[in-house]
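S.K.: I am sharing run.tsv, which consists of TSV, N, CA and C atoms:
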```
chain	number	residue	atom	x	y	z
A	7	MET	N	-3.12	-15.89	-8.29
A	7	MET	CA	-3.62	-15.49	-6.98
A	7	MET	C	-4.42	-14.20	-7.13
A	8	LYS	N	-5.54	-14.16	-6.47
A	8	LYS	CA	-6.37	-12.96	-6.48
A	8	LYS	C	-6.03	-12.11	-5.26
A	9	ILE	N	-5.79	-10.85	-5.50
A	9	ILE	CA	-5.46	-9.92	-4.42
A	9	ILE	C	-6.74	-9.42	-3.78
A	10	LYS	N	-6.78	-9.43	-2.45
A	10	LYS	CA	-7.93	-8.91	-1.72
A	10	LYS	C	-7.58	-7.56	-1.10
A	11	PHE	N	-8.52	-6.67	-1.18
A	11	PHE	CA	-8.39	-5.38	-0.50
A	11	PHE	C	-8.80	-5.57	0.95
A	12	LYS	N	-8.30	-4.69	1.80
A	12	LYS	CA	-8.62	-4.80	3.23
A	12	LYS	C	-10.10	-4.52	3.50
A	13	SER	N	-10.69	-3.64	2.69
A	13	SER	CA	-12.10	-3.28	2.86
A	13	SER	C	-12.62	-2.68	1.56
A	14	ALA	N	-13.93	-2.46	1.51
A	14	ALA	CA	-14.52	-1.79	0.34
A	14	ALA	C	-13.97	-0.36	0.23
A	15	TRP	N	-13.78	0.29	1.37
A	15	TRP	CA	-13.21	1.64	1.35
A	15	TRP	C	-11.81	1.62	0.75
A	16	HIS	N	-11.00	0.62	1.11
A	16	HIS	CA	-9.65	0.48	0.58
A	16	HIS	C	-9.70	0.34	-0.94
A	17	ARG	N	-10.55	-0.55	-1.44
A	17	ARG	CA	-10.68	-0.74	-2.90
A	17	ARG	C	-11.04	0.58	-3.59
A	18	LYS	N	-12.03	1.27	-3.05
A	18	LYS	CA	-12.49	2.53	-3.64
A	18	LYS	C	-11.39	3.59	-3.63
A	19	THR	N	-10.72	3.74	-2.51
A	19	THR	CA	-9.68	4.76	-2.37
A	19	THR	C	-8.51	4.49	-3.32
A	20	PHE	N	-8.03	3.25	-3.34
A	20	PHE	CA	-6.92	2.88	-4.22
A	20	PHE	C	-7.30	3.08	-5.68
A	21	THR	N	-8.46	2.56	-6.07
A	21	THR	CA	-8.91	2.64	-7.46
A	21	THR	C	-9.08	4.08	-7.91
A	22	GLU	N	-9.71	4.90	-7.08
A	22	GLU	CA	-9.90	6.31	-7.44
A	22	GLU	C	-8.58	7.04	-7.58
A	23	PHE	N	-7.63	6.78	-6.68
A	23	PHE	CA	-6.33	7.45	-6.76
A	23	PHE	C	-5.59	7.04	-8.03
A	24	ILE	N	-5.50	5.75	-8.28
A	24	ILE	CA	-4.77	5.27	-9.46
A	24	ILE	C	-5.44	5.79	-10.74
A	25	THR	N	-6.74	5.72	-10.82
A	25	THR	CA	-7.47	6.17	-12.00
A	25	THR	C	-7.23	7.66	-12.27
A	26	ALA	N	-7.25	8.46	-11.22
A	26	ALA	CA	-7.10	9.91	-11.38
A	26	ALA	C	-5.66	10.35	-11.61
A	27	ASN	N	-4.68	9.57	-11.17
A	27	ASN	CA	-3.30	10.05	-11.16
A	27	ASN	C	-2.30	9.29	-12.03
A	28	VAL	N	-2.69	8.14	-12.52
A	28	VAL	CA	-1.75	7.32	-13.29
A	28	VAL	C	-2.35	7.06	-14.67
A	29	LYS	N	-1.64	7.52	-15.72
A	29	LYS	CA	-2.17	7.37	-17.08
A	29	LYS	C	-2.32	5.90	-17.47
A	30	ASN	N	-1.29	5.10	-17.25
A	30	ASN	CA	-1.36	3.68	-17.56
A	30	ASN	C	-0.74	2.90	-16.40
A	31	PRO	N	-1.58	2.35	-15.54
A	31	PRO	CA	-1.07	1.63	-14.36
A	31	PRO	C	-0.11	0.50	-14.71
A	32	TYR	N	-0.28	-0.11	-15.89
A	32	TYR	CA	0.60	-1.21	-16.28
A	32	TYR	C	2.03	-0.75	-16.54
A	33	LEU	N	2.22	0.54	-16.75
A	33	LEU	CA	3.55	1.09	-16.97
A	33	LEU	C	4.18	1.62	-15.68
A	34	SER	N	3.41	1.64	-14.61
A	34	SER	CA	3.94	2.11	-13.32
A	34	SER	C	4.86	1.07	-12.72
A	35	ARG	N	5.83	1.55	-11.96
A	35	ARG	CA	6.73	0.64	-11.26
A	35	ARG	C	5.94	-0.14	-10.21
A	36	ASN	N	6.23	-1.43	-10.09
A	36	ASN	CA	5.51	-2.28	-9.14
A	36	ASN	C	5.65	-1.79	-7.71
A	37	GLU	N	6.82	-1.25	-7.35
A	37	GLU	CA	7.01	-0.78	-5.99
A	37	GLU	C	6.13	0.43	-5.68
A	38	TYR	N	5.84	1.24	-6.69
A	38	TYR	CA	4.96	2.38	-6.52
A	38	TYR	C	3.51	1.90	-6.30
A	39	VAL	N	3.05	1.01	-7.15
A	39	VAL	CA	1.68	0.48	-7.04
A	39	VAL	C	1.50	-0.20	-5.68
A	40	ALA	N	2.47	-1.00	-5.27
A	40	ALA	CA	2.39	-1.70	-3.98
A	40	ALA	C	2.36	-0.70	-2.82
A	41	ALA	N	3.16	0.34	-2.89
A	41	ALA	CA	3.18	1.35	-1.83
A	41	ALA	C	1.85	2.07	-1.74
A	42	VAL	N	1.28	2.47	-2.86
A	42	VAL	CA	-0.03	3.14	-2.85
A	42	VAL	C	-1.09	2.18	-2.30
A	43	PHE	N	-1.02	0.93	-2.70
A	43	PHE	CA	-1.96	-0.08	-2.20
A	43	PHE	C	-1.90	-0.15	-0.67
A	44	LEU	N	-0.71	-0.21	-0.12
A	44	LEU	CA	-0.56	-0.34	1.33
A	44	LEU	C	-0.93	0.95	2.06
A	45	LEU	N	-0.53	2.08	1.54
A	45	LEU	CA	-0.83	3.36	2.19
A	45	LEU	C	-2.33	3.67	2.17
A	46	SER	N	-3.03	3.17	1.16
A	46	SER	CA	-4.47	3.44	1.05
A	46	SER	C	-5.33	2.44	1.83
A	47	ALA	N	-4.72	1.50	2.52
A	47	ALA	CA	-5.47	0.48	3.25
A	47	ALA	C	-6.00	0.95	4.60
A	48	ASP	N	-5.49	2.06	5.11
A	48	ASP	CA	-5.88	2.56	6.43
A	48	ASP	C	-6.31	4.02	6.28
A	49	LYS	N	-7.51	4.35	6.74
A	49	LYS	CA	-8.05	5.71	6.56
A	49	LYS	C	-7.15	6.79	7.15
A	50	PHE	N	-6.70	6.60	8.38
A	50	PHE	CA	-5.87	7.62	9.04
A	50	PHE	C	-4.53	7.75	8.33
A	51	LEU	N	-3.92	6.63	7.98
A	51	LEU	CA	-2.65	6.65	7.25
A	51	LEU	C	-2.83	7.33	5.90
A	52	TRP	N	-3.92	7.03	5.20
A	52	TRP	CA	-4.16	7.64	3.89
A	52	TRP	C	-4.26	9.16	4.00
A	53	LYS	N	-4.94	9.65	5.02
A	53	LYS	CA	-5.04	11.11	5.22
A	53	LYS	C	-3.66	11.73	5.38
A	54	LYS	N	-2.78	11.04	6.07
A	54	LYS	CA	-1.42	11.54	6.29
A	54	LYS	C	-0.55	11.40	5.05
A	55	ALA	N	-0.77	10.33	4.28
A	55	ALA	CA	0.12	10.01	3.15
A	55	ALA	C	-0.30	10.63	1.83
A	56	ARG	N	-1.55	10.93	1.66
A	56	ARG	CA	-2.09	11.38	0.36
A	56	ARG	C	-1.29	12.53	-0.24
A	57	GLY	N	-0.92	13.49	0.55
A	57	GLY	CA	-0.17	14.65	0.06
A	57	GLY	C	1.26	14.34	-0.36
A	58	ALA	N	1.77	13.18	0.02
A	58	ALA	CA	3.14	12.79	-0.32
A	58	ALA	C	3.22	11.99	-1.61
A	59	LEU	N	2.07	11.80	-2.26
A	59	LEU	CA	2.01	10.99	-3.48
A	59	LEU	C	1.83	11.84	-4.72
A	60	THR	N	2.53	11.45	-5.77
A	60	THR	CA	2.28	11.99	-7.10
A	60	THR	C	1.84	10.80	-7.95
A	61	GLY	N	1.70	10.99	-9.22
A	61	GLY	CA	1.31	9.90	-10.11
A	61	GLY	C	2.40	8.88	-10.34
A	62	TYR	N	3.58	9.13	-9.78
A	62	TYR	CA	4.70	8.20	-10.03
A	62	TYR	C	5.67	8.05	-8.86
A	63	SER	N	5.47	8.78	-7.76
A	63	SER	CA	6.43	8.67	-6.65
A	63	SER	C	5.76	8.88	-5.29
A	64	VAL	N	6.49	8.45	-4.26
A	64	VAL	CA	6.05	8.63	-2.87
A	64	VAL	C	7.19	9.28	-2.11
A	65	ASN	N	6.91	10.38	-1.43
A	65	ASN	CA	7.91	11.06	-0.60
A	65	ASN	C	7.64	10.68	0.86
A	66	PHE	N	8.24	9.58	1.28
A	66	PHE	CA	7.99	9.07	2.63
A	66	PHE	C	8.46	10.03	3.72
A	67	LYS	N	9.50	10.82	3.44
A	67	LYS	CA	10.01	11.75	4.44
A	67	LYS	C	8.98	12.81	4.82
A	68	SER	N	8.06	13.11	3.92
A	68	SER	CA	7.07	14.15	4.20
A	68	SER	C	5.81	13.63	4.91
A	69	ILE	N	5.75	12.34	5.17
A	69	ILE	CA	4.57	11.76	5.84
A	69	ILE	C	4.78	11.80	7.36
A	70	ASP	N	3.94	12.55	8.03
A	70	ASP	CA	3.97	12.64	9.49
A	70	ASP	C	3.13	11.50	10.06
A	71	ILE	N	3.76	10.54	10.68
A	71	ILE	CA	3.03	9.37	11.17
A	71	ILE	C	2.64	9.48	12.66
A	72	ALA	N	2.73	10.66	13.23
A	72	ALA	CA	2.33	10.85	14.63
A	72	ALA	C	0.87	10.46	14.82
A	73	GLY	N	0.61	9.69	15.86
A	73	GLY	CA	-0.75	9.30	16.20
A	73	GLY	C	-1.29	8.10	15.43
A	74	ILE	N	-0.46	7.49	14.64
A	74	ILE	CA	-0.91	6.37	13.81
A	74	ILE	C	-1.05	5.10	14.65
A	75	SER	N	-1.96	4.23	14.25
A	75	SER	CA	-2.17	2.96	14.96
A	75	SER	C	-1.02	1.99	14.66
A	76	THR	N	-0.96	0.92	15.42
A	76	THR	CA	0.05	-0.12	15.18
A	76	THR	C	-0.11	-0.70	13.78
A	77	GLU	N	-1.36	-0.98	13.39
A	77	GLU	CA	-1.61	-1.53	12.06
A	77	GLU	C	-1.21	-0.52	10.98
A	78	GLY	N	-1.55	0.74	11.19
A	78	GLY	CA	-1.16	1.79	10.24
A	78	GLY	C	0.35	1.90	10.12
A	79	TYR	N	1.03	1.78	11.25
A	79	TYR	CA	2.49	1.84	11.23
A	79	TYR	C	3.07	0.65	10.47
A	80	ALA	N	2.48	-0.53	10.65
A	80	ALA	CA	2.95	-1.71	9.92
A	80	ALA	C	2.76	-1.52	8.42
A	81	LEU	N	1.62	-0.98	8.02
A	81	LEU	CA	1.36	-0.72	6.59
A	81	LEU	C	2.35	0.32	6.05
A	82	PHE	N	2.57	1.39	6.81
A	82	PHE	CA	3.52	2.42	6.40
A	82	PHE	C	4.92	1.85	6.24
A	83	THR	N	5.35	1.08	7.23
A	83	THR	CA	6.70	0.51	7.22
A	83	THR	C	6.87	-0.48	6.07
A	84	ALA	N	5.86	-1.30	5.83
A	84	ALA	CA	5.93	-2.24	4.72
A	84	ALA	C	5.96	-1.50	3.38
A	85	ALA	N	5.14	-0.47	3.24
A	85	ALA	CA	5.13	0.32	2.00
A	85	ALA	C	6.50	0.95	1.75
A	86	LYS	N	7.08	1.51	2.79
A	86	LYS	CA	8.40	2.14	2.66
A	86	LYS	C	9.47	1.11	2.32
A	87	ALA	N	9.42	-0.05	2.95
A	87	ALA	CA	10.41	-1.10	2.68
A	87	ALA	C	10.30	-1.60	1.25
A	88	ILE	N	9.09	-1.81	0.77
A	88	ILE	CA	8.91	-2.27	-0.61
A	88	ILE	C	9.36	-1.19	-1.58
A	89	TYR	N	8.98	0.05	-1.33
A	89	TYR	CA	9.28	1.15	-2.24
A	89	TYR	C	10.78	1.44	-2.31
A	90	ARG	N	11.42	1.44	-1.16
A	90	ARG	CA	12.85	1.79	-1.11
A	90	ARG	C	13.78	0.58	-1.22
A	91	GLY	N	13.24	-0.61	-1.05
A	91	GLY	CA	14.07	-1.80	-1.12
A	91	GLY	C	14.83	-2.06	0.16
A	92	GLY	N	14.15	-2.04	1.27
A	92	GLY	CA	14.80	-2.28	2.56
A	92	GLY	C	14.05	-3.31	3.37
A	93	VAL	N	14.51	-3.49	4.58
A	93	VAL	CA	13.86	-4.42	5.50
A	93	VAL	C	13.52	-3.63	6.76
A	94	ASP	N	12.37	-2.97	6.73
A	94	ASP	CA	11.96	-2.13	7.86
A	94	ASP	C	10.97	-2.82	8.79
A	95	ILE	N	10.47	-3.98	8.38
A	95	ILE	CA	9.53	-4.74	9.20
A	95	ILE	C	9.98	-6.19	9.17
A	96	SER	N	9.98	-6.81	10.33
A	96	SER	CA	10.50	-8.18	10.40
A	96	SER	C	9.37	-9.21	10.31
A	97	LEU	N	9.74	-10.40	9.93
A	97	LEU	CA	8.79	-11.49	9.89
A	97	LEU	C	8.27	-11.77	11.30
A	98	HIS	N	9.13	-11.60	12.28
A	98	HIS	CA	8.73	-11.78	13.68
A	98	HIS	C	7.61	-10.80	14.04
A	99	GLU	N	7.72	-9.56	13.63
A	99	GLU	CA	6.69	-8.56	13.91
A	99	GLU	C	5.38	-8.92	13.19
A	100	LEU	N	5.49	-9.37	11.94
A	100	LEU	CA	4.30	-9.74	11.18
A	100	LEU	C	3.58	-10.93	11.80
A	101	CYS	N	4.33	-11.82	12.44
A	101	CYS	CA	3.75	-13.04	13.02
A	101	CYS	C	3.22	-12.83	14.43
A	102	ASP	N	3.44	-11.67	15.02
A	102	ASP	CA	2.98	-11.41	16.38
A	102	ASP	C	1.53	-10.92	16.35
A	103	ALA	N	0.61	-11.82	16.67
A	103	ALA	CA	-0.83	-11.49	16.64
A	103	ALA	C	-1.20	-10.40	17.64
A	104	ASN	N	-0.35	-10.15	18.63
A	104	ASN	CA	-0.61	-9.09	19.60
A	104	ASN	C	-0.24	-7.72	19.04
A	105	LEU	N	0.57	-7.69	17.98
A	105	LEU	CA	0.97	-6.42	17.37
A	105	LEU	C	0.12	-6.04	16.17
A	106	ILE	N	-0.08	-7.01	15.27
A	106	ILE	CA	-0.71	-6.73	13.98
A	106	ILE	C	-1.83	-7.73	13.74
A	107	ASP	N	-3.02	-7.23	13.39
A	107	ASP	CA	-4.15	-8.14	13.16
A	107	ASP	C	-4.01	-8.87	11.83
A	108	ASP	N	-4.77	-9.93	11.69
A	108	ASP	CA	-4.68	-10.80	10.51
A	108	ASP	C	-4.97	-10.06	9.20
A	109	SER	N	-5.98	-9.20	9.20
A	109	SER	CA	-6.32	-8.51	7.95
A	109	SER	C	-5.20	-7.58	7.49
A	110	THR	N	-4.48	-6.99	8.43
A	110	THR	CA	-3.34	-6.13	8.06
A	110	THR	C	-2.19	-6.96	7.51
A	111	VAL	N	-1.94	-8.11	8.13
A	111	VAL	CA	-0.88	-9.00	7.63
A	111	VAL	C	-1.21	-9.46	6.21
A	112	MET	N	-2.46	-9.83	5.98
A	112	MET	CA	-2.86	-10.28	4.64
A	112	MET	C	-2.75	-9.13	3.63
A	113	THR	N	-3.04	-7.91	4.06
A	113	THR	CA	-2.90	-6.76	3.17
A	113	THR	C	-1.43	-6.52	2.83
A	114	ILE	N	-0.56	-6.67	3.81
A	114	ILE	CA	0.88	-6.52	3.56
A	114	ILE	C	1.36	-7.59	2.59
A	115	PHE	N	0.91	-8.83	2.78
A	115	PHE	CA	1.28	-9.89	1.84
A	115	PHE	C	0.76	-9.59	0.43
A	116	ALA	N	-0.45	-9.03	0.34
A	116	ALA	CA	-1.00	-8.64	-0.97
A	116	ALA	C	-0.12	-7.56	-1.60
A	117	GLY	N	0.37	-6.62	-0.78
A	117	GLY	CA	1.28	-5.59	-1.29
A	117	GLY	C	2.57	-6.19	-1.81
A	118	VAL	N	3.07	-7.20	-1.12
A	118	VAL	CA	4.29	-7.89	-1.58
A	118	VAL	C	4.02	-8.58	-2.92
A	119	MET	N	2.85	-9.20	-3.05
A	119	MET	CA	2.50	-9.85	-4.32
A	119	MET	C	2.38	-8.83	-5.45
A	120	LEU	N	1.81	-7.67	-5.17
A	120	LEU	CA	1.74	-6.61	-6.19
A	120	LEU	C	3.14	-6.16	-6.59
A	121	PHE	N	4.03	-6.05	-5.63
A	121	PHE	CA	5.41	-5.68	-5.93
A	121	PHE	C	6.05	-6.74	-6.83
A	122	ARG	N	5.82	-7.98	-6.50
A	122	ARG	CA	6.44	-9.07	-7.24
A	122	ARG	C	5.84	-9.25	-8.64
A	123	ASP	N	4.51	-9.20	-8.74
A	123	ASP	CA	3.84	-9.57	-9.99
A	123	ASP	C	3.12	-8.43	-10.71
A	124	GLY	N	2.98	-7.28	-10.07
A	124	GLY	CA	2.40	-6.12	-10.75
A	124	GLY	C	0.89	-5.98	-10.63
A	125	ILE	N	0.40	-4.89	-11.14
A	125	ILE	CA	-1.01	-4.51	-11.00
A	125	ILE	C	-1.95	-5.45	-11.76
A	126	GLY	N	-1.42	-6.26	-12.65
A	126	GLY	CA	-2.25	-7.24	-13.34
A	126	GLY	C	-2.97	-8.18	-12.40
A	127	LEU	N	-2.45	-8.38	-11.20
A	127	LEU	CA	-3.10	-9.22	-10.21
A	127	LEU	C	-4.48	-8.68	-9.80
A	128	LEU	N	-4.68	-7.40	-10.03
A	128	LEU	CA	-5.95	-6.77	-9.66
A	128	LEU	C	-6.95	-6.78	-10.82
A	129	ASN	N	-6.57	-7.41	-11.94
A	129	ASN	CA	-7.42	-7.40	-13.14
A	129	ASN	C	-7.78	-5.98	-13.55
A	130	TRP	N	-6.75	-5.12	-13.56
A	130	TRP	CA	-6.94	-3.71	-13.86
A	130	TRP	C	-7.32	-3.49	-15.30
A	131	ARG	N	-8.21	-2.57	-15.52
A	131	ARG	CA	-8.64	-2.21	-16.89
A	131	ARG	C	-8.18	-0.79	-17.18
A	132	THR	N	-7.54	-0.58	-18.32
A	132	THR	CA	-7.12	0.78	-18.69
A	132	THR	C	-8.04	1.35	-19.72
```
As a first step, turn the structure in this file into structure tokens.
M.R.:
Amino acid sequence: MKIKFKSAWHRKTFTEFITANVKNPYLSRNEYVAAVFLLSADKFLWKKARGALTGYSVNFKSIDIAGISTEGYALFTAAKAIYRGGVDISLHELCDANLIDDSTVMTIFAGVMLFRDGIGLLNWRT
């Protein structure tokens, strides 16, 4: 399966962050890569989350999500659930077209695939 980014900006932001901060992405934990992928999918969320990231961890407690959109909140919640191993977003919420748009749902599913199968899905070059 080929993973799609939400936008060209998402691809650029994710790639630049991983390239600058992770020595070998193939050695990174899948939950970390998936969380960065999801957090970098929304410009406003990325501005809030960027400072909570290191080359190997995410400090979700330090991310202030005030003012975030519904889609941004879904991405944040999915990233946190994947990273921490919880169930913070329900399938019912993901299926509600009035809450979350299709491109955000597909991005969350792509994050789940990255968690399951790793960064190799992105044809990453080191």
S.K.: So how many Å separate atom N of Ala41 in chain A and atom C of Val64 in chain A, to one decimal?
M.R.: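 Straight-line distance from atom N of Ala41 in chain A to atom C of Val64 in chain A works out to 9.8 Å.
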S.K.: Do you know which residues are at most 8 Å from Thr76 in chain A counting only C-alpha atoms, after dropping those on the same chain fewer than 2 positions away, and could you put them as a PyMOL selection string?
M.R.: chain A and resi 74+78-80+105-106
S.K.: Write out as JSON, numbers by chain each polymer residue whose atoms come within 7 Å of Ala116 in chain A, counting all atoms listed in the file; drop sequence neighbours fewer than 3 positions from it.
M.R.: {"A": [9, 10, 40, 111, 112, 113, 119, 120, 121]}
S.K.: How many Å separate atom C of Glu37 in chain A from CA of Ser96 in chain A?
M.R.: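 The value is 18.8 Å.
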S.K.: Might you pull out every residue within 6.5 Å of range 45-53 of chain A, with all atoms listed in the file counted and same-chain residues fewer than 5 positions away left off, and present them as a PyMOL selection string?
M.R.: chain A and resi 12+16+19-20+40+78+81-82+85
S.K.: Please measure the separation of CA of Leu33 in chain A and atom N of Asp70 in chain A, giving the value in Å to one decimal.
M.R.: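 Interatomic distance here is 27.5 Å.
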S.K.: Enclose the full set of atoms of range 13-28 of chain A listed in the file within a box whose edges lie along x, y and z, apply 4 Å of padding to each of the six sides, and report centre and edge lengths in Å to one decimal as lines of an AutoDock Vina configuration file.
M.R.:
```
center_x = -8.1
center_y = 3.4
center_z = -5.9
size_x = 20.8
size_y = 22.0
size_z = 25.5
```
S.K.: Smallest atom-to-atom distance to Gly61 in chain A: which of A:Leu97, A:Ala26, A:Ala103, A:Ile88, using only C-alpha atoms?
M.R.: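 Once distances to Gly61 in chain A are computed over only C-alpha atoms, the minimum belongs to A:Ala26.
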S.K.: Rank A:Ile114, A:Leu100, A:Ile69, A:Ala55 by their smallest atom-to-atom distance to Ala84 in chain A, using all atoms listed in the file, and report the top residue only.
M.R.: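 Between A:Ile114, A:Leu100, A:Ile69, A:Ala55, the residue approaching Ala84 in chain A most closely is A:Ile114.
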S.K.: Just the helix (DSSP H, G or I) stuff from range 53-127 of chain A, please, per backbone DSSP, written as a VMD selection string.
M.R.: chain A and resid 53 to 58 66 to 68 76 to 90 97 to 101 108 to 123 125 to 127
S.K.: Given only C-alpha atoms as the basis, pick out the residue of A:Phe115, A:Phe43, A:Phe66, A:Tyr89 nearest to Phe23 in chain A.
M.R.: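 That would be A:Phe43, the residue with the smallest distance to Phe23 in chain A.
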S.K.: Quick one: of A:Gly92, A:Tyr62, A:Cys101, A:Ala14, who's nearest to Pro31 in chain A, counting only C-alpha atoms?
M.R.: A:Tyr62
S.K.: Taking into account all atoms listed in the file, which residue in the set A:Ala58, A:Lys29, A:Glu22, A:Lys86 is nearest to Leu44 in chain A?
M.R.: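 Smallest distance to Leu44 in chain A is found for A:Lys86.
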S.K.: Put range 38-54 of chain A into a file with N, CA, C and O atoms, as a compact mmCIF listing (two decimals), in the first residue's frame.
M.R.:
```
# COMPACT_ATOMS: atom_id res chain seq x y z
N TYR A 38 6.33 6.58 16.91
CA TYR A 38 6.88 7.92 16.82
C TYR A 38 6.70 8.47 15.39
O TYR A 38 6.22 9.59 15.21
N VAL A 39 7.07 7.69 14.40
CA VAL A 39 6.94 8.11 13.00
C VAL A 39 5.47 8.41 12.68
O VAL A 39 5.16 9.43 12.05
N ALA A 40 4.57 7.54 13.11
CA ALA A 40 3.14 7.74 12.86
C ALA A 40 2.64 9.01 13.54
O ALA A 40 1.86 9.78 12.95
N ALA A 41 3.07 9.26 14.76
CA ALA A 41 2.64 10.47 15.48
C ALA A 41 3.14 11.73 14.78
O ALA A 41 2.37 12.68 14.59
N VAL A 42 4.39 11.75 14.35
CA VAL A 42 4.92 12.91 13.63
C VAL A 42 4.16 13.09 12.32
O VAL A 42 3.81 14.21 11.94
N PHE A 43 3.88 12.00 11.64
CA PHE A 43 3.11 12.05 10.38
C PHE A 43 1.76 12.72 10.62
O PHE A 43 1.36 13.62 9.88
N LEU A 44 1.06 12.31 11.66
CA LEU A 44 -0.27 12.86 11.93
C LEU A 44 -0.21 14.30 12.42
O LEU A 44 -1.00 15.15 11.99
N LEU A 45 0.72 14.61 13.30
CA LEU A 45 0.83 15.98 13.82
C LEU A 45 1.25 16.98 12.74
O LEU A 45 0.89 18.15 12.81
N SER A 46 1.98 16.51 11.75
CA SER A 46 2.45 17.41 10.69
C SER A 46 1.44 17.56 9.55
O SER A 46 1.70 18.28 8.58
N ALA A 47 0.29 16.94 9.65
CA ALA A 47 -0.71 16.99 8.58
C ALA A 47 -1.55 18.26 8.59
O ALA A 47 -2.20 18.58 7.60
N ASP A 48 -1.54 19.01 9.69
CA ASP A 48 -2.36 20.21 9.83
C ASP A 48 -1.45 21.37 10.24
O ASP A 48 -0.72 21.26 11.23
N LYS A 49 -1.49 22.46 9.49
CA LYS A 49 -0.58 23.60 9.75
C LYS A 49 -0.71 24.15 11.17
O LYS A 49 0.28 24.38 11.85
N PHE A 50 -1.94 24.38 11.62
CA PHE A 50 -2.14 24.96 12.95
C PHE A 50 -1.69 23.98 14.03
O PHE A 50 -1.01 24.38 14.99
N LEU A 51 -2.03 22.71 13.88
CA LEU A 51 -1.61 21.70 14.84
C LEU A 51 -0.09 21.59 14.86
O LEU A 51 0.52 21.50 15.93
N TRP A 52 0.55 21.63 13.69
CA TRP A 52 2.00 21.53 13.62
C TRP A 52 2.67 22.68 14.37
O TRP A 52 3.64 22.47 15.09
N LYS A 53 2.14 23.89 14.23
CA LYS A 53 2.69 25.04 14.96
C LYS A 53 2.63 24.80 16.47
O LYS A 53 3.55 25.15 17.20
N LYS A 54 1.56 24.20 16.92
CA LYS A 54 1.38 23.93 18.35
C LYS A 54 2.24 22.75 18.81
O LYS A 54 2.72 22.74 19.95
```
